[in-house]
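Data file: coords_37.cif. Format and content: mmCIF, C-alpha atoms.
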data_start
#
loop_
_atom_site.label_atom_id
_atom_site.label_comp_id
_atom_site.auth_asym_id
_atom_site.auth_seq_id
_atom_site.Cartn_x
_atom_site.Cartn_y
_atom_site.Cartn_z
CA MET A 21 -79.09 182.62 215.06
CA HIS A 22 -78.40 185.45 217.47
CA MET A 23 -81.64 187.26 218.27
CA ALA A 24 -80.19 190.73 217.58
CA GLU A 25 -79.32 189.75 214.03
CA LYS A 26 -81.69 190.62 211.22
CA GLU A 27 -83.22 187.67 209.36
CA TYR A 28 -81.67 189.00 206.19
CA VAL A 29 -78.89 191.33 205.22
CA ILE A 30 -79.06 194.22 202.76
CA ILE A 31 -75.90 194.47 200.65
CA THR A 32 -75.15 197.41 198.40
CA ASP A 33 -72.23 199.19 196.75
CA SER A 34 -70.39 202.37 197.67
CA THR A 35 -71.95 204.34 194.81
CA CYS A 36 -74.85 204.82 197.26
CA ASP A 37 -72.65 207.52 198.89
CA LEU A 38 -74.17 206.90 202.33
CA THR A 39 -72.17 208.30 205.23
CA PRO A 40 -70.60 205.87 207.73
CA GLU A 41 -73.13 207.11 210.33
CA LEU A 42 -76.10 206.23 208.09
CA ILE A 43 -74.61 202.85 207.17
CA GLU A 44 -74.34 202.01 210.86
CA GLU A 45 -77.82 203.36 211.64
CA LEU A 46 -79.40 201.37 208.80
CA ASP A 47 -77.37 198.21 209.56
CA ILE A 48 -76.44 197.50 205.94
CA VAL A 49 -73.35 196.10 204.22
CA VAL A 50 -71.58 198.32 201.67
CA ILE A 51 -69.07 196.90 199.18
CA PRO A 52 -66.38 199.48 198.33
CA MET A 53 -65.98 199.90 194.57
CA GLU A 54 -62.56 200.48 193.05
CA PHE A 55 -61.24 203.52 191.22
CA THR A 56 -57.90 204.30 189.60
CA MET A 57 -56.29 207.74 189.90
CA ALA A 58 -53.25 207.10 187.73
CA GLU A 59 -51.36 204.14 186.25
CA GLY A 60 -51.10 201.48 188.95
CA GLU A 61 -52.75 203.67 191.60
CA VAL A 62 -55.91 201.79 192.63
CA TYR A 63 -58.06 202.72 195.61
CA LYS A 64 -61.21 201.37 197.18
CA ASN A 65 -64.08 203.84 197.62
CA TYR A 66 -64.74 203.21 201.32
CA PRO A 67 -67.62 205.32 202.72
CA ASP A 68 -65.21 206.86 205.25
CA GLY A 69 -62.65 207.75 202.58
CA ARG A 70 -59.93 205.83 204.42
CA GLU A 71 -57.78 205.14 201.33
CA LEU A 72 -58.15 208.56 199.73
CA GLY A 73 -60.10 211.36 201.43
CA PHE A 74 -62.92 212.99 199.50
CA GLN A 75 -61.41 216.49 199.54
CA ALA A 76 -58.02 215.09 198.49
CA PHE A 77 -59.75 213.23 195.64
CA TYR A 78 -61.47 216.37 194.34
CA ASP A 79 -58.29 218.45 194.71
CA ARG A 80 -56.52 215.98 192.47
CA VAL A 81 -59.31 216.05 189.88
CA ARG A 82 -59.19 219.85 189.89
CA ALA A 83 -55.44 219.57 189.30
CA GLY A 84 -56.05 217.43 186.21
CA ALA A 85 -56.27 213.81 187.41
CA GLN A 86 -58.62 211.68 185.27
CA PRO A 87 -59.87 208.86 187.51
CA LYS A 88 -61.35 205.68 186.10
CA THR A 89 -63.77 203.34 187.84
CA ASN A 90 -64.22 199.56 188.01
CA GLN A 91 -67.49 197.72 188.49
CA ILE A 92 -67.97 195.07 191.19
CA ASN A 93 -67.51 191.56 189.80
CA ALA A 94 -69.65 188.52 190.59
CA ALA A 95 -66.89 186.90 192.68
CA THR A 96 -66.82 189.90 195.04
CA TYR A 97 -70.59 189.75 195.58
CA MET A 98 -70.31 186.02 196.33
CA GLU A 99 -67.44 186.56 198.73
CA VAL A 100 -69.36 189.26 200.64
CA ALA A 101 -72.67 187.36 200.74
CA ALA A 102 -71.36 183.89 201.66
CA PRO A 103 -70.63 184.51 205.39
CA TYR A 104 -74.21 185.72 205.94
CA LEU A 105 -75.70 182.80 204.03
CA ASP A 106 -73.48 180.43 206.01
CA LYS A 107 -74.97 181.89 209.20
CA GLY A 108 -78.49 181.18 207.95
CA GLN A 109 -79.37 184.73 206.92
CA ASP A 110 -81.03 185.58 203.61
CA VAL A 111 -79.60 188.25 201.28
CA LEU A 112 -81.01 191.21 199.36
CA ILE A 113 -78.60 193.04 197.04
CA LEU A 114 -79.55 196.57 195.98
CA ALA A 115 -77.35 197.52 193.05
CA PHE A 116 -76.20 200.69 191.30
CA SER A 117 -78.26 201.63 188.19
CA SER A 118 -77.73 199.14 185.36
CA ALA A 119 -77.78 202.07 182.89
CA LEU A 120 -74.58 203.43 184.44
CA SER A 121 -72.57 200.32 185.33
CA GLY A 122 -72.29 196.56 184.81
CA THR A 123 -72.41 196.08 188.59
CA TYR A 124 -76.06 194.97 188.66
CA GLN A 125 -75.32 192.39 185.94
CA SER A 126 -72.48 191.03 188.10
CA SER A 127 -74.90 190.72 191.02
CA VAL A 128 -77.36 188.75 188.85
CA LEU A 129 -74.61 186.23 187.97
CA ALA A 130 -73.59 186.03 191.64
CA VAL A 131 -77.17 185.41 192.77
CA GLU A 132 -77.60 182.57 190.23
CA GLU A 133 -74.50 180.83 191.56
CA LEU A 134 -75.34 181.49 195.21
CA ARG A 135 -78.85 180.07 194.79
CA GLU A 136 -77.34 176.82 193.51
CA LYS A 137 -74.91 176.71 196.40
CA TYR A 138 -77.47 177.70 199.06
CA PRO A 139 -80.80 176.21 197.88
CA ASP A 140 -82.41 176.76 201.30
CA ARG A 141 -81.70 180.50 201.40
CA GLN A 142 -83.63 183.35 199.79
CA ILE A 143 -81.30 185.50 197.68
CA TYR A 144 -82.43 188.48 195.62
CA THR A 145 -80.90 191.35 193.70
CA VAL A 146 -82.72 194.48 192.55
CA ASP A 147 -81.52 197.12 190.08
CA THR A 148 -82.14 200.40 191.94
CA LEU A 149 -82.07 202.41 188.68
CA SER A 150 -80.57 205.03 190.98
CA ALA A 151 -77.18 206.59 191.73
CA SER A 152 -75.26 208.39 194.47
CA MET A 153 -77.41 209.33 197.47
CA GLY A 154 -80.49 208.65 195.32
CA GLU A 155 -79.51 205.00 195.55
CA GLY A 156 -78.68 205.77 199.18
CA LEU A 157 -82.12 207.24 199.91
CA LEU A 158 -83.86 204.26 198.30
CA ILE A 159 -81.76 202.00 200.55
CA TYR A 160 -82.60 204.22 203.54
CA HIS A 161 -86.33 203.70 202.90
CA ALA A 162 -85.78 199.98 202.28
CA ALA A 163 -83.94 199.59 205.60
CA LYS A 164 -86.82 201.36 207.38
CA LYS A 165 -89.27 198.94 205.73
CA ARG A 166 -87.16 196.03 206.97
CA GLU A 167 -87.47 197.48 210.49
CA GLU A 168 -91.25 197.56 209.99
CA GLY A 169 -91.10 193.80 209.41
CA LEU A 170 -91.13 193.30 205.63
CA SER A 171 -89.72 189.91 204.64
CA VAL A 172 -86.81 189.69 202.20
CA SER A 173 -89.10 188.83 199.27
CA GLU A 174 -91.57 191.57 200.22
CA LEU A 175 -88.77 194.12 200.41
CA ALA A 176 -87.29 193.09 197.05
CA HIS A 177 -90.77 193.63 195.58
CA TRP A 178 -91.20 196.96 197.43
CA VAL A 179 -87.92 198.30 195.99
CA GLU A 180 -88.94 197.29 192.47
CA GLU A 181 -92.35 198.96 192.92
CA ASN A 182 -90.99 202.17 194.45
CA ARG A 183 -87.60 202.79 192.81
CA LEU A 184 -88.99 205.13 190.15
CA ARG A 185 -90.43 207.38 192.87
CA LEU A 186 -86.85 208.20 193.87
CA CYS A 187 -86.16 211.53 192.16
CA HIS A 188 -82.64 212.73 191.33
CA TRP A 189 -81.97 216.32 190.27
CA PHE A 190 -78.46 217.64 189.98
CA THR A 191 -76.23 220.23 188.43
CA VAL A 192 -72.59 219.85 187.45
CA ASP A 193 -69.92 222.49 187.15
CA ASP A 194 -68.43 220.97 184.02
CA LEU A 195 -70.21 218.44 181.77
CA ASN A 196 -66.90 217.29 180.26
CA HIS A 197 -66.40 214.88 183.18
CA LEU A 198 -69.67 213.12 182.29
CA LYS A 199 -68.81 213.20 178.60
CA ARG A 200 -65.38 211.65 179.15
CA GLY A 201 -66.90 208.76 181.07
CA GLY A 202 -69.48 208.24 178.31
CA ARG A 203 -72.32 209.21 180.66
CA VAL A 204 -73.67 211.98 178.40
CA SER A 205 -73.20 212.66 174.69
CA SER A 206 -70.69 215.11 173.19
CA ALA A 207 -73.59 217.26 172.03
CA ALA A 208 -74.88 217.54 175.59
CA ALA A 209 -71.39 218.44 176.82
CA LEU A 210 -71.34 221.46 174.53
CA PHE A 211 -73.78 223.10 176.95
CA GLY A 212 -70.99 223.77 179.34
CA THR A 213 -68.59 225.39 176.91
CA ILE A 214 -70.75 228.49 176.49
CA LEU A 215 -69.76 231.04 179.07
CA GLY A 216 -71.61 230.71 182.35
CA ILE A 217 -74.15 228.16 181.13
CA LYS A 218 -74.86 225.50 183.75
CA PRO A 219 -76.67 222.26 182.95
CA VAL A 220 -79.40 220.78 185.13
CA LEU A 221 -79.78 217.00 184.81
CA HIS A 222 -81.89 214.22 186.24
CA VAL A 223 -82.00 210.41 186.29
CA ASP A 224 -84.78 209.09 184.07
CA ASP A 225 -86.97 205.99 184.43
CA ALA A 226 -84.30 203.87 182.72
CA GLY A 227 -81.70 204.96 185.28
CA ARG A 228 -79.76 207.14 182.80
CA LEU A 229 -78.36 210.65 183.34
CA ILE A 230 -80.26 213.07 181.13
CA PRO A 231 -79.52 216.81 180.68
CA ARG A 232 -82.85 218.62 181.12
CA GLU A 233 -82.17 222.33 180.88
CA LYS A 234 -79.50 225.00 180.61
CA VAL A 235 -79.48 227.94 182.96
CA ARG A 236 -77.18 230.92 183.21
CA GLY A 237 -75.01 230.94 186.30
CA ARG A 238 -74.44 228.72 189.30
CA ARG A 239 -77.10 230.23 191.56
CA SER A 240 -79.76 229.78 188.88
CA SER A 241 -78.82 226.12 188.54
CA LEU A 242 -79.25 225.59 192.28
CA GLU A 243 -82.56 227.46 192.17
CA ALA A 244 -83.64 225.11 189.34
CA LEU A 245 -82.97 222.08 191.59
CA ALA A 246 -85.24 223.53 194.29
CA LYS A 247 -87.90 224.36 191.67
CA HIS A 248 -87.97 220.84 190.20
CA MET A 249 -88.16 219.43 193.69
CA ARG A 250 -91.03 221.73 194.66
CA GLU A 251 -92.93 220.71 191.51
CA THR A 252 -92.51 216.93 191.81
CA ILE A 253 -92.14 216.07 195.51
CA ASP A 254 -94.89 213.68 196.61
CA PRO A 255 -97.36 215.54 198.89
CA ALA A 256 -98.78 212.21 200.08
CA GLU A 257 -95.48 211.52 201.86
CA GLY A 258 -95.90 214.54 204.15
CA GLU A 259 -92.67 215.97 205.50
CA GLN A 260 -89.92 213.64 204.33
CA THR A 261 -86.23 213.07 204.85
CA ILE A 262 -84.30 214.22 201.80
CA PHE A 263 -80.66 213.71 200.85
CA ILE A 264 -78.19 216.09 199.21
CA SER A 265 -74.80 214.96 197.91
CA HIS A 266 -72.04 217.19 196.59
CA GLY A 267 -68.65 217.22 194.91
CA ASP A 268 -66.77 219.26 197.53
CA CYS A 269 -68.83 222.48 197.37
CA GLU A 270 -70.37 222.95 200.81
CA GLN A 271 -71.25 226.64 200.35
CA ASP A 272 -73.48 225.78 197.39
CA VAL A 273 -75.15 223.07 199.47
CA LYS A 274 -75.91 225.64 202.20
CA TYR A 275 -77.51 227.90 199.59
CA LEU A 276 -79.63 225.02 198.25
CA ILE A 277 -80.72 223.98 201.76
CA ASP A 278 -81.94 227.52 202.46
CA LEU A 279 -83.92 227.52 199.19
CA ILE A 280 -85.48 224.12 199.94
CA ARG A 281 -86.44 225.05 203.48
CA GLU A 282 -88.21 228.17 202.16
CA GLN A 283 -90.13 226.25 199.48
CA VAL A 284 -90.75 222.67 200.61
CA PRO A 285 -91.84 221.21 203.95
CA VAL A 286 -89.12 218.67 204.81
CA LYS A 287 -88.51 216.70 207.99
CA GLU A 288 -84.72 216.58 207.76
CA ILE A 289 -81.95 217.01 205.24
CA LYS A 290 -78.97 214.68 205.29
CA VAL A 291 -75.85 215.76 203.40
CA GLY A 292 -72.92 213.69 202.16
CA TYR A 293 -70.04 213.77 199.73
CA ILE A 294 -70.35 212.32 196.27
CA GLY A 295 -67.70 209.61 196.59
CA PRO A 296 -64.90 209.02 194.09
CA VAL A 297 -66.70 206.39 191.99
CA ILE A 298 -69.57 208.75 191.10
CA GLY A 299 -67.33 211.83 191.44
CA ALA A 300 -64.96 210.46 188.79
CA HIS A 301 -67.80 211.01 186.30
CA SER A 302 -69.59 214.06 187.71
CA GLY A 303 -66.53 216.06 188.79
CA PRO A 304 -65.99 218.73 191.45
CA GLY A 305 -68.81 221.18 192.04
CA THR A 306 -71.66 218.74 191.48
CA VAL A 307 -74.73 219.27 193.68
CA ALA A 308 -77.58 216.74 193.77
CA VAL A 309 -80.89 216.52 195.62
CA PHE A 310 -82.92 213.34 196.20
CA TYR A 311 -86.46 212.78 197.46
CA LEU A 312 -89.61 210.72 196.91
CA GLY A 313 -91.64 212.30 194.14
CA THR A 314 -94.71 211.76 192.01
CA THR A 315 -92.61 211.40 188.83
CA ARG A 316 -88.97 211.40 187.80
CA ASN A 317 -89.71 213.72 184.88
#
As structure tokens - that is how I would like this structure written.
Amino acid sequence: MHMAEKEYVIITDSTCDLTPELIEELDIVVIPMEFTMAEGEVYKNYPDGRELGFQAFYDRVRAGAQPKTNQINAATYMEVAAPYLDKGQDVLILAFSSALSGTYQSSVLAVEELREKYPDRQIYTVDTLSASMGEGLLIYHAAKKREEGLSVSELAHWVEENRLRLCHWFTVDDLNHLKRGGRVSSAAALFGTILGIKPVLHVDDAGRLIPREKVRGRRSSLEALAKHMRETIDPAEGEQTIFISHGDCEQDVKYLIDLIREQVPVKEIKVGYIGPVIGAHSGPGTVAVFYLGTTRN
């Protein structure tokens, strides 16, 4: 084995919404998930948006497109993992929340088959119970732990032990996108139909999207994100790297960053687009913040 190569590879899916720069820095493998914009119009959600740019995607949703998403199947996981296993590397799959997709279940089936085929290799999959750059931030921390020397089995265990410390708080412009994809109930979607009411949601311990409060106006919803972060960020972590992802609304992100910098000591803030697979459900105008906290609630 070439000395520069890691002993094991971390494989994840493009719902992690990591930027190409971060993917390269962390030395991970990202499987692009598929989404459909219209009948017969299927794209892969590459992190660099090569098949359909992120702004173009959101423009089309604003114009009325109703994208649908496909989970990763077991065969795809096997296809991606096999070349690394053939080279003598072990594999750790970190999968999109099982509460939001069947992708993790596909990875479990793939791992069972791969273990039979490669009995000498260590192959794991972990349900991140996370989404978008929350999944991305968990992977970011996992990749840093790998650099510190954790073995593949130790890292799989670390992710399982630490995944519920990964806090997700977000606001959407229109809950009907989440309702249409079955991600929140019709009753919850009624929030958004009252003039100017904006919902604030989080991801709970089961990895589900849960509406938490209703606030009046966009600025108030962004202020609520900063407030929840201030209240639950883990002080034991010191200044940490936090992630923000958004559905094509950079001005709102700038406003949120200013609020966070005033209220919370952070080391750095990395910003990325919510890609089409998550964006198909959350819609344009979504803003989300992710960090290590004391509780998800």
Long-range neighbours of region 141-145 of chain A as an MDAnalysis selection string, 6 Å cut-off, only C-alpha atoms, 2 positions minimum in chain: chainID A and resid 110:114 138:139
Which residue of A:Gly69, A:Gly156, A:Pro219, A:Gly169 approaches Thr261 (chain A) most closely, using only C-alpha atoms: A:Gly156
Which residues match the PyMOL selection byres ((chain A and resi 315) around 8) in the file above, as a PDB file with C-alpha atoms, keeping the file's coordinate frame?
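Produced file out-v2.pdb, reproduced below:
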ATOM      1  CA  LEU A 184     -88.990 205.130 190.150  1.00  0.00           C
ATOM      2  CA  ARG A 185     -90.430 207.380 192.870  1.00  0.00           C
ATOM      3  CA  CYS A 187     -86.160 211.530 192.160  1.00  0.00           C
ATOM      4  CA  THR A 252     -92.510 216.930 191.810  1.00  0.00           C
ATOM      5  CA  GLY A 313     -91.640 212.300 194.140  1.00  0.00           C
ATOM      6  CA  THR A 314     -94.710 211.760 192.010  1.00  0.00           C
ATOM      7  CA  ARG A 316     -88.970 211.400 187.800  1.00  0.00           C
ATOM      8  CA  ASN A 317     -89.710 213.720 184.880  1.00  0.00           C
TER       9      ASN A 317
END
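Of note, CA of Val49 (chain A) and CA of Ser34 (chain A) are spaced 9.5 Å apart.
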Selection dump of the PyMOL selection byres ((chain A and resi 281-284) around 12), as an MDAnalysis selection string: chainID A and resid 243 245:255 258:262 274:280 285:289 311
Residues in the PyMOL selection byres ((chain A and resi 134) around 10), expressed as a ChimeraX atom specification: /A:97-98,101-102,105,128-133,135-139,141-144
Please determine an axis-aligned box that encloses all atoms of region 155-167 of chain A listed in the file, with 5 Å added on each side, and express its centre and edge lengths in Å to one decimal as AutoDock Vina command-line options.
--center_x -84.0 --center_y 201.6 --center_z 203.0 --size_x 20.6 --size_y 21.2 --size_z 24.9
Distance in Å - CA of Ile264 (chain A) versus CA of Phe116 (chain A): 17.4 Å
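Counting from CA of Glu54 (chain A), the distance to CA of Thr32 (chain A) is 14.0 Å.
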Among listed residues A:Gly216, A:Pro296, A:Gly303, A:Gly122, nearest Phe55 (chain A) (using all atoms listed in the file): A:Pro296
Counting all atoms listed in the file, which residues of region 203-301 of chain A sit at most 12 Å from some atom of region 189-192 of chain A, and what is each one's closest atom pair with its distance in Å to one decimal, listed by chain and rising residue number, as JSON lines?
{"residue": "A:Ala209", "atom": "CA", "partner": "A:Val192", "partner_atom": "CA", "distance": 10.8}
{"residue": "A:Phe211", "atom": "CA", "partner": "A:Val192", "partner_atom": "CA", "distance": 11.1}
{"residue": "A:Gly212", "atom": "CA", "partner": "A:Val192", "partner_atom": "CA", "distance": 9.1}
{"residue": "A:Ile217", "atom": "CA", "partner": "A:Val192", "partner_atom": "CA", "distance": 10.6}
{"residue": "A:Lys218", "atom": "CA", "partner": "A:Val192", "partner_atom": "CA", "distance": 7.1}
{"residue": "A:Pro219", "atom": "CA", "partner": "A:Thr191", "partner_atom": "CA", "distance": 5.9}
{"residue": "A:Val220", "atom": "CA", "partner": "A:Thr191", "partner_atom": "CA", "distance": 4.6}
{"residue": "A:Leu221", "atom": "CA", "partner": "A:Phe190", "partner_atom": "CA", "distance": 5.4}
{"residue": "A:His222", "atom": "CA", "partner": "A:Trp189", "partner_atom": "CA", "distance": 4.5}
{"residue": "A:Val223", "atom": "CA", "partner": "A:Trp189", "partner_atom": "CA", "distance": 7.1}
{"residue": "A:Asp224", "atom": "CA", "partner": "A:Trp189", "partner_atom": "CA", "distance": 9.9}
{"residue": "A:Leu229", "atom": "CA", "partner": "A:Phe190", "partner_atom": "CA", "distance": 9.6}
{"residue": "A:Ile230", "atom": "CA", "partner": "A:Trp189", "partner_atom": "CA", "distance": 9.9}
{"residue": "A:Pro231", "atom": "CA", "partner": "A:Thr191", "partner_atom": "CA", "distance": 9.1}
{"residue": "A:Arg232", "atom": "CA", "partner": "A:Trp189", "partner_atom": "CA", "distance": 9.5}
{"residue": "A:Glu233", "atom": "CA", "partner": "A:Thr191", "partner_atom": "CA", "distance": 9.8}
{"residue": "A:Lys234", "atom": "CA", "partner": "A:Thr191", "partner_atom": "CA", "distance": 9.7}
{"residue": "A:Val235", "atom": "CA", "partner": "A:Thr191", "partner_atom": "CA", "distance": 10.0}
{"residue": "A:Arg236", "atom": "CA", "partner": "A:Thr191", "partner_atom": "CA", "distance": 11.9}
{"residue": "A:Gly237", "atom": "CA", "partner": "A:Thr191", "partner_atom": "CA", "distance": 11.0}
{"residue": "A:Arg238", "atom": "CA", "partner": "A:Thr191", "partner_atom": "CA", "distance": 8.7}
{"residue": "A:Arg239", "atom": "CA", "partner": "A:Thr191", "partner_atom": "CA", "distance": 10.5}
{"residue": "A:Ser240", "atom": "CA", "partner": "A:Thr191", "partner_atom": "CA", "distance": 10.2}
{"residue": "A:Ser241", "atom": "CA", "partner": "A:Thr191", "partner_atom": "CA", "distance": 6.4}
{"residue": "A:Leu242", "atom": "CA", "partner": "A:Thr191", "partner_atom": "CA", "distance": 7.3}
{"residue": "A:Glu243", "atom": "CA", "partner": "A:Thr191", "partner_atom": "CA", "distance": 10.3}
{"residue": "A:Ala244", "atom": "CA", "partner": "A:Thr191", "partner_atom": "CA", "distance": 8.9}
{"residue": "A:Leu245", "atom": "CA", "partner": "A:Trp189", "partner_atom": "CA", "distance": 6.0}
{"residue": "A:Ala246", "atom": "CA", "partner": "A:Trp189", "partner_atom": "CA", "distance": 8.9}
{"residue": "A:Lys247", "atom": "CA", "partner": "A:Trp189", "partner_atom": "CA", "distance": 10.1}
{"residue": "A:His248", "atom": "CA", "partner": "A:Trp189", "partner_atom": "CA", "distance": 7.5}
{"residue": "A:Met249", "atom": "CA", "partner": "A:Trp189", "partner_atom": "CA", "distance": 7.7}
{"residue": "A:Arg250", "atom": "CA", "partner": "A:Trp189", "partner_atom": "CA", "distance": 11.4}
{"residue": "A:Glu251", "atom": "CA", "partner": "A:Trp189", "partner_atom": "CA", "distance": 11.9}
{"residue": "A:Thr252", "atom": "CA", "partner": "A:Trp189", "partner_atom": "CA", "distance": 10.7}
{"residue": "A:Ile253", "atom": "CA", "partner": "A:Trp189", "partner_atom": "CA", "distance": 11.4}
{"residue": "A:Ile262", "atom": "CA", "partner": "A:Trp189", "partner_atom": "CA", "distance": 11.9}
{"residue": "A:Phe263", "atom": "CA", "partner": "A:Trp189", "partner_atom": "CA", "distance": 11.0}
{"residue": "A:Ile264", "atom": "CA", "partner": "A:Phe190", "partner_atom": "CA", "distance": 9.4}
{"residue": "A:Ser265", "atom": "CA", "partner": "A:Phe190", "partner_atom": "CA", "distance": 9.1}
{"residue": "A:His266", "atom": "CA", "partner": "A:Phe190", "partner_atom": "CA", "distance": 9.2}
{"residue": "A:Gly267", "atom": "CA", "partner": "A:Val192", "partner_atom": "CA", "distance": 8.8}
{"residue": "A:Asp268", "atom": "CA", "partner": "A:Val192", "partner_atom": "CA", "distance": 11.7}
{"residue": "A:Cys269", "atom": "CA", "partner": "A:Val192", "partner_atom": "CA", "distance": 10.9}
{"residue": "A:Asp272", "atom": "CA", "partner": "A:Thr191", "partner_atom": "CA", "distance": 10.9}
{"residue": "A:Val273", "atom": "CA", "partner": "A:Phe190", "partner_atom": "CA", "distance": 11.4}
{"residue": "A:Leu276", "atom": "CA", "partner": "A:Phe190", "partner_atom": "CA", "distance": 11.1}
{"residue": "A:Ile294", "atom": "CA", "partner": "A:Phe190", "partner_atom": "CA", "distance": 11.6}
{"residue": "A:Gly299", "atom": "CA", "partner": "A:Val192", "partner_atom": "CA", "distance": 10.4}
{"residue": "A:His301", "atom": "CA", "partner": "A:Val192", "partner_atom": "CA", "distance": 10.1}
Within-6 Å shell of (-61.1, 200.6, 194.4) in input frame, all atoms listed in the file, as a VMD selection string: chain A and resid 53 to 55 62 to 65
Nearest to Leu46 (chain A) by atom-to-atom distance, counting all atoms listed in the file, from A:Glu167, A:Glu155, A:Asp79, A:Asp106: A:Glu167
Pick from A:Ser173, A:Cys36, A:Gly73, A:Val81, whichever lies nearest to Phe310 (chain A) using all atoms listed in the file: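 The closest residue to Phe310 (chain A) is A:Cys36.
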10 Å contact set for Glu45 (chain A), only C-alpha atoms, chain neighbours under 6 positions out, as a ChimeraX atom specification: /A:39,160,163
